[in-house]
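Student: Dumping the structure here so I can ask a few things about it.
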Amino acid sequence: MFVGKKITISVIKADIGGWPGHSRVHPKLMEKAREILGKAKEEGKLIDFYVAHAGDDLQLIMTHTKGTDSPEIHGLAWETFKAATEVAKELGLYGAGQDLLKDAFSGNVRGLGPGVAEMEITLRKSEPVVTFHMDKTEPGAFNLPIFRMFADPFNTAGLVIDPHMHMGFRFEVWDILKHKRVVLNSPEELYDLLALIGAKGRYVIKRVYPKEGHKISKDEPVAVVSTEKLYEIAGEYVGKDDPVAIVRAQSGLPALGEVLEPFAFPHLVSGWMRGSHNGPLLPVPMNYANPTRFDGPPRVVALGWQISPKGELIGPVDLFDDPAFDYTRQKALEITDYIRRHGPFEPHRLPLEDMEYTTLPGVLKKLEDRFEKIE
């Protein structure tokens, strides 16, 4: 039994081959992943696991007692992605192994291509958790939803009426270009927080923590987001970042409905076709997590879990498989129609400074000798 003890939840994902194009994960890749993780569970490396997909990203959800950044767990994920890549190559899938940007494993998968969201927590008597899986977008796509969950009283009524939440939360924000971080308190530094995270291409929410006095330790995260930027690792565009997140709920934290409510607004995110366009974030059930139109629109899946006293993953519940989100989906499709008609023009296409690592520099290089000075 792990109630009152430390347990780690890890979500590690990678695009190691699309079927067809960048649409979805082939069932044989998921089968190979289940085979390898199943053996690891039998050997006691894992408490439990679940293999999912979001678009063309293979998603590994695991519970264990190894802590975050564990070489053993990250090595297991790397081994799983490498083995699934071989299956992808046999099937001739598109972009086989594209997120595996290095040849050798070096202790953990950070900087190697896969996206990682992990948290080591003290297991509560009842531990509801939501894992979010996005496709065709970037880590900053989580900024608005995570902010609304933990800092917006118009979204999360508990910030006003629950004495356990009334003190607010602390946000760890990363500057992903200068590789620095800052921790800001909400509500005291709310405007400073918004000044940063509104620039979602550079400043991203990495973790959310309680404050001193909360029944959860102030050093224990209650939300965490993957922040890997593929272009920074590879030095060129190799695919969308497709972030993941883990959010704890209830008992002094946002209720499940408050965790999901931000996604009722299909806000604009960067990514979509070739990572070069803005589009609405579409909350979908698993069976719709297969981007098609213009390789999009960007998708988000929410899987709900209870972590049992034994550390088992009880679930998943496909949380966006609910007609309550039908209006949001319809609105997102209307936005899709509107913004798609801009074609190659901004604001559908990203501004130039955000296109530096896409395929556009190749076009500019081709034309550079033809530019003439204006007198």
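Identifiers in this document derive from the order of the structure tokens: chains are assigned A, B, ..., residues are numbered from 1 separately in each chain, and ligands are numbered from 1 in order of occurrence.
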Excluding Val300 (chain A) and any residue of its chain fewer than 3 positions from it, enumerate the residues within 6 Å of it, using only C-alpha atoms, and give them as a ChimeraX atom specification.
Tutor: /A:133-134,283
Student: When DSSP works through the backbone of this structure, what residues of region 110-196 of chain A end up as alpha helix (DSSP H), shown as a ChimeraX atom specification?
Tutor: /A:143-151,158-161,190-196
Student: Please produce a file of those selected residues containing N, CA and C atoms, as a PDB file, in the first residue's frame.
Tutor:
```
ATOM      1  N   ASN A 143      -0.574  26.770 -21.497  1.00  0.00           N
ATOM      2  CA  ASN A 143      -0.508  27.934 -20.616  1.00  0.00           C
ATOM      3  C   ASN A 143      -1.878  28.426 -20.177  1.00  0.00           C
ATOM      4  N   LEU A 144      -2.750  28.651 -21.140  1.00  0.00           N
ATOM      5  CA  LEU A 144      -4.076  29.188 -20.810  1.00  0.00           C
ATOM      6  C   LEU A 144      -4.892  28.205 -19.973  1.00  0.00           C
ATOM      7  N   PRO A 145      -5.006  26.925 -20.368  1.00  0.00           N
ATOM      8  CA  PRO A 145      -5.789  25.991 -19.538  1.00  0.00           C
ATOM      9  C   PRO A 145      -5.247  25.821 -18.116  1.00  0.00           C
ATOM     10  N   ILE A 146      -3.926  25.678 -17.961  1.00  0.00           N
ATOM     11  CA  ILE A 146      -3.360  25.487 -16.622  1.00  0.00           C
ATOM     12  C   ILE A 146      -3.558  26.742 -15.777  1.00  0.00           C
ATOM     13  N   PHE A 147      -3.390  27.913 -16.389  1.00  0.00           N
ATOM     14  CA  PHE A 147      -3.646  29.165 -15.674  1.00  0.00           C
ATOM     15  C   PHE A 147      -5.081  29.209 -15.177  1.00  0.00           C
ATOM     16  N   ARG A 148      -6.012  28.871 -16.037  1.00  0.00           N
ATOM     17  CA  ARG A 148      -7.423  28.942 -15.644  1.00  0.00           C
ATOM     18  C   ARG A 148      -7.754  27.936 -14.548  1.00  0.00           C
ATOM     19  N   MET A 149      -7.160  26.764 -14.602  1.00  0.00           N
ATOM     20  CA  MET A 149      -7.418  25.761 -13.565  1.00  0.00           C
ATOM     21  C   MET A 149      -7.005  26.251 -12.184  1.00  0.00           C
ATOM     22  N   PHE A 150      -5.805  26.865 -12.094  1.00  0.00           N
ATOM     23  CA  PHE A 150      -5.192  27.138 -10.797  1.00  0.00           C
ATOM     24  C   PHE A 150      -5.142  28.613 -10.415  1.00  0.00           C
ATOM     25  N   ALA A 151      -5.625  29.525 -11.300  1.00  0.00           N
ATOM     26  CA  ALA A 151      -5.522  30.949 -10.958  1.00  0.00           C
ATOM     27  C   ALA A 151      -6.725  31.785 -11.356  1.00  0.00           C
ATOM     28  N   GLY A 158     -13.494  27.063  -6.668  1.00  0.00           N
ATOM     29  CA  GLY A 158     -12.825  26.708  -5.423  1.00  0.00           C
ATOM     30  C   GLY A 158     -11.838  27.753  -4.949  1.00  0.00           C
ATOM     31  N   LEU A 159     -11.277  28.532  -5.874  1.00  0.00           N
ATOM     32  CA  LEU A 159     -10.346  29.592  -5.484  1.00  0.00           C
ATOM     33  C   LEU A 159     -11.033  30.641  -4.620  1.00  0.00           C
ATOM     34  N   VAL A 160     -12.356  30.743  -4.762  1.00  0.00           N
ATOM     35  CA  VAL A 160     -13.130  31.721  -4.007  1.00  0.00           C
ATOM     36  C   VAL A 160     -13.767  31.089  -2.769  1.00  0.00           C
ATOM     37  N   ILE A 161     -14.339  29.885  -2.921  1.00  0.00           N
ATOM     38  CA  ILE A 161     -15.195  29.342  -1.868  1.00  0.00           C
ATOM     39  C   ILE A 161     -14.605  28.165  -1.087  1.00  0.00           C
ATOM     40  N   LEU A 190      -0.247  37.965 -10.101  1.00  0.00           N
ATOM     41  CA  LEU A 190      -1.072  37.516 -11.216  1.00  0.00           C
ATOM     42  C   LEU A 190      -0.721  38.234 -12.513  1.00  0.00           C
ATOM     43  N   TYR A 191      -0.554  39.543 -12.461  1.00  0.00           N
ATOM     44  CA  TYR A 191      -0.296  40.302 -13.685  1.00  0.00           C
ATOM     45  C   TYR A 191       1.096  40.004 -14.231  1.00  0.00           C
ATOM     46  N   ASP A 192       2.064  39.784 -13.337  1.00  0.00           N
ATOM     47  CA  ASP A 192       3.400  39.390 -13.791  1.00  0.00           C
ATOM     48  C   ASP A 192       3.342  38.026 -14.479  1.00  0.00           C
ATOM     49  N   LEU A 193       2.579  37.129 -13.880  1.00  0.00           N
ATOM     50  CA  LEU A 193       2.420  35.796 -14.462  1.00  0.00           C
ATOM     51  C   LEU A 193       1.828  35.881 -15.866  1.00  0.00           C
ATOM     52  N   LEU A 194       0.764  36.660 -16.013  1.00  0.00           N
ATOM     53  CA  LEU A 194       0.112  36.790 -17.311  1.00  0.00           C
ATOM     54  C   LEU A 194       1.012  37.475 -18.334  1.00  0.00           C
ATOM     55  N   ALA A 195       1.831  38.431 -17.881  1.00  0.00           N
ATOM     56  CA  ALA A 195       2.743  39.116 -18.797  1.00  0.00           C
ATOM     57  C   ALA A 195       3.696  38.128 -19.458  1.00  0.00           C
ATOM     58  N   LEU A 196       4.070  37.084 -18.711  1.00  0.00           N
ATOM     59  CA  LEU A 196       4.976  36.082 -19.263  1.00  0.00           C
ATOM     60  C   LEU A 196       4.237  35.043 -20.091  1.00  0.00           C
TER      61      LEU A 196
END
```
Student: Let me make sure I understand: among A:Val51, A:Leu76, A:Ala223, A:Val269, which one has the smallest atom-to-atom distance to Gly198 (chain A) if we use only C-alpha atoms?
Tutor: A:Val269
Student: Run DSSP on the backbone and give me the residues of region 63-210 of chain A it puts in strand (DSSP E or B), as a ChimeraX atom specification.
Tutor: /A:63-64,94,115-122,127-135,137,169-175,180-186,203-209
Student: Which one is closest to Tyr288 (chain A): A:Phe320, A:Tyr94, A:Trp19, A:Trp174? Count only C-alpha atoms.
Tutor: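 Checking each candidate against Tyr288 (chain A), we get A:Phe320 as the closest.
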Student: How many Å lie between CA of Arg34 (chain A) and CA of Ile314 (chain A), rounded to one decimal?
Tutor: 16.7 Å
Student: Compile the contact shell of Ala40 (chain A) as a PDB file with C-alpha atoms, in the first residue's frame: residues with an atom at most 12 Å away, counting only C-alpha atoms, same-chain residues fewer than 5 positions apart removed.
Tutor:
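Final output, saved to result.pdb:
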```pdb
ATOM      1  CA  ALA A  33       4.863  -1.129 -26.364  1.00  0.00           C
ATOM      2  CA  ARG A  34       2.412  -3.185 -24.265  1.00  0.00           C
ATOM      3  CA  GLU A  35       4.632  -6.221 -24.670  1.00  0.00           C
ATOM      4  CA  LYS A  45      10.185  -2.174 -12.576  1.00  0.00           C
ATOM      5  CA  LEU A  46       6.686  -0.705 -12.900  1.00  0.00           C
ATOM      6  CA  ILE A  47       3.672  -0.779 -10.610  1.00  0.00           C
ATOM      7  CA  ASP A  48       1.314  -0.260 -13.527  1.00  0.00           C
ATOM      8  CA  PHE A  49       1.163   1.145 -17.051  1.00  0.00           C
ATOM      9  CA  MET A  62       3.413   4.586 -15.955  1.00  0.00           C
ATOM     10  CA  THR A  63       3.387   4.432 -12.151  1.00  0.00           C
ATOM     11  CA  HIS A  64       6.492   3.368 -10.215  1.00  0.00           C
ATOM     12  CA  GLU A  72      15.741   2.882 -15.295  1.00  0.00           C
ATOM     13  CA  ILE A  73      12.297   4.248 -16.253  1.00  0.00           C
ATOM     14  CA  GLY A  75      15.737   3.748 -20.298  1.00  0.00           C
ATOM     15  CA  LEU A  76      12.652   1.541 -20.419  1.00  0.00           C
ATOM     16  CA  ALA A  77      10.764   4.208 -22.388  1.00  0.00           C
ATOM     17  CA  GLU A  79      13.919   0.861 -25.301  1.00  0.00           C
ATOM     18  CA  THR A  80      10.171   0.800 -25.972  1.00  0.00           C
TER      19      THR A  80
END
```
Student: Between A:Met165, A:Ile36, A:Val301, A:Ile176, which is the closest to Asn287 (chain A) once you count only C-alpha atoms?
Tutor: A:Val301
Student: Could you please determine the separation between CA of Asp321 (chain A) and CA of Pro243 (chain A) in Å, to one decimal place?
Tutor: 20.4 Å
Student: Can you work out which one of A:Gly257, A:Pro291, A:Gly4, A:Pro262 has the shortest atom-to-atom distance to Ser126 (chain A), counting only C-alpha atoms?
Tutor: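 Of the candidates, the smallest distance to Ser126 (chain A) is held by A:Gly4.
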Student: Work out how far CA of Ala245 (chain A) is from CA of Val208 (chain A), in Å to one decimal.
Tutor: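 So the answer is 11.2 Å.
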Student: Please provide as a PyMOL selection string all residues within 12 Å of Arg124 (chain A), with the sequence filter that same-chain residues fewer than 2 positions apart are discarded (counting only C-alpha atoms).
Tutor: chain A and resi 1-7+121-122+126-129+215-217+248-252+306-311
Student: Could you please take those selected residues and save N, CA, C and O atoms as a tab-separated table (two decimals), in the first residue's frame?
Tutor:
```tsv
chain	number	residue	atom	x	y	z
A	1	MET	N	0.83	-1.20	0.00
A	1	MET	CA	0.00	0.00	0.00
A	1	MET	C	0.87	1.26	0.00
A	1	MET	O	1.87	1.32	0.73
A	2	PHE	N	0.48	2.25	-0.80
A	2	PHE	CA	1.32	3.44	-0.94
A	2	PHE	C	0.67	4.71	-0.39
A	2	PHE	O	1.24	5.79	-0.52
A	3	VAL	N	-0.51	4.62	0.22
A	3	VAL	CA	-1.14	5.81	0.77
A	3	VAL	C	-0.21	6.42	1.82
A	3	VAL	O	0.27	5.73	2.73
A	4	GLY	N	0.07	7.72	1.67
A	4	GLY	CA	1.00	8.40	2.57
A	4	GLY	C	2.45	8.20	2.20
A	4	GLY	O	3.34	8.73	2.87
A	5	LYS	N	2.72	7.46	1.12
A	5	LYS	CA	4.09	7.21	0.67
A	5	LYS	C	4.30	7.80	-0.72
A	5	LYS	O	3.35	8.14	-1.41
A	6	LYS	N	5.56	7.87	-1.12
A	6	LYS	CA	5.90	8.46	-2.41
A	6	LYS	C	5.64	7.48	-3.56
A	6	LYS	O	5.93	6.29	-3.46
A	7	ILE	N	5.11	8.04	-4.63
A	7	ILE	CA	4.89	7.29	-5.85
A	7	ILE	C	5.11	8.24	-7.02
A	7	ILE	O	4.93	9.46	-6.87
A	121	ILE	N	4.74	12.15	-6.05
A	121	ILE	CA	3.73	12.67	-5.12
A	121	ILE	C	3.60	11.75	-3.90
A	121	ILE	O	3.99	10.58	-3.95
A	122	THR	N	3.09	12.32	-2.83
A	122	THR	CA	2.68	11.51	-1.69
A	122	THR	C	1.24	11.10	-1.94
A	122	THR	O	0.35	11.95	-2.00
A	126	SER	N	-7.50	9.14	-1.67
A	126	SER	CA	-8.15	9.08	-2.98
A	126	SER	C	-7.40	10.06	-3.88
A	126	SER	O	-7.31	11.24	-3.56
A	127	GLU	N	-6.86	9.55	-4.98
A	127	GLU	CA	-5.98	10.36	-5.83
A	127	GLU	C	-6.50	10.40	-7.27
A	127	GLU	O	-6.14	9.58	-8.11
A	128	PRO	N	-7.39	11.38	-7.57
A	128	PRO	CA	-7.84	11.55	-8.96
A	128	PRO	C	-6.79	12.33	-9.76
A	128	PRO	O	-6.27	13.35	-9.31
A	129	VAL	N	-6.51	11.83	-10.95
A	129	VAL	CA	-5.49	12.43	-11.81
A	129	VAL	C	-6.01	12.47	-13.24
A	129	VAL	O	-6.72	11.56	-13.68
A	215	LYS	N	-2.55	21.45	2.56
A	215	LYS	CA	-2.37	20.11	3.11
A	215	LYS	C	-1.45	19.25	2.26
A	215	LYS	O	-0.95	18.21	2.71
A	216	ILE	N	-1.19	19.66	1.02
A	216	ILE	CA	-0.16	19.04	0.20
A	216	ILE	C	1.12	19.86	0.35
A	216	ILE	O	1.08	21.09	0.37
A	217	SER	N	2.26	19.20	0.47
A	217	SER	CA	3.52	19.90	0.65
A	217	SER	C	3.76	20.92	-0.45
A	217	SER	O	3.48	20.66	-1.63
A	248	ARG	N	-3.37	16.85	-10.93
A	248	ARG	CA	-4.09	16.22	-9.82
A	248	ARG	C	-5.35	17.03	-9.53
A	248	ARG	O	-5.41	18.24	-9.78
A	249	ALA	N	-6.37	16.37	-8.97
A	249	ALA	CA	-7.66	17.03	-8.76
A	249	ALA	C	-8.24	16.72	-7.39
A	249	ALA	O	-7.81	15.77	-6.71
A	250	GLN	N	-9.22	17.54	-6.99
A	250	GLN	CA	-10.04	17.37	-5.79
A	250	GLN	C	-9.28	17.59	-4.48
A	250	GLN	O	-8.06	17.65	-4.46
A	251	SER	N	-10.04	17.75	-3.41
A	251	SER	CA	-9.52	17.86	-2.03
A	251	SER	C	-8.44	18.93	-1.90
A	251	SER	O	-7.27	18.64	-1.65
A	252	GLY	N	-8.84	20.18	-2.08
A	252	GLY	CA	-7.90	21.28	-1.99
A	252	GLY	C	-7.26	21.64	-3.31
A	252	GLY	O	-6.44	22.56	-3.39
A	306	GLN	N	-8.05	7.13	-11.38
A	306	GLN	CA	-7.89	7.07	-9.92
A	306	GLN	C	-6.64	6.22	-9.69
A	306	GLN	O	-6.50	5.14	-10.29
A	307	ILE	N	-5.72	6.71	-8.87
A	307	ILE	CA	-4.56	5.91	-8.51
A	307	ILE	C	-4.91	5.12	-7.26
A	307	ILE	O	-5.21	5.71	-6.21
A	308	SER	N	-4.93	3.82	-7.35
A	308	SER	CA	-5.37	2.99	-6.23
A	308	SER	C	-4.33	3.02	-5.11
A	308	SER	O	-3.18	3.43	-5.31
A	309	PRO	N	-4.72	2.60	-3.89
A	309	PRO	CA	-3.74	2.52	-2.79
A	309	PRO	C	-2.52	1.67	-3.13
A	309	PRO	O	-1.46	1.84	-2.54
A	310	LYS	N	-2.67	0.77	-4.10
A	310	LYS	CA	-1.54	-0.06	-4.54
A	310	LYS	C	-0.73	0.61	-5.65
A	310	LYS	O	0.24	0.03	-6.15
A	311	GLY	N	-1.14	1.81	-6.05
A	311	GLY	CA	-0.43	2.52	-7.10
A	311	GLY	C	-0.88	2.14	-8.50
A	311	GLY	O	-0.23	2.51	-9.49
```
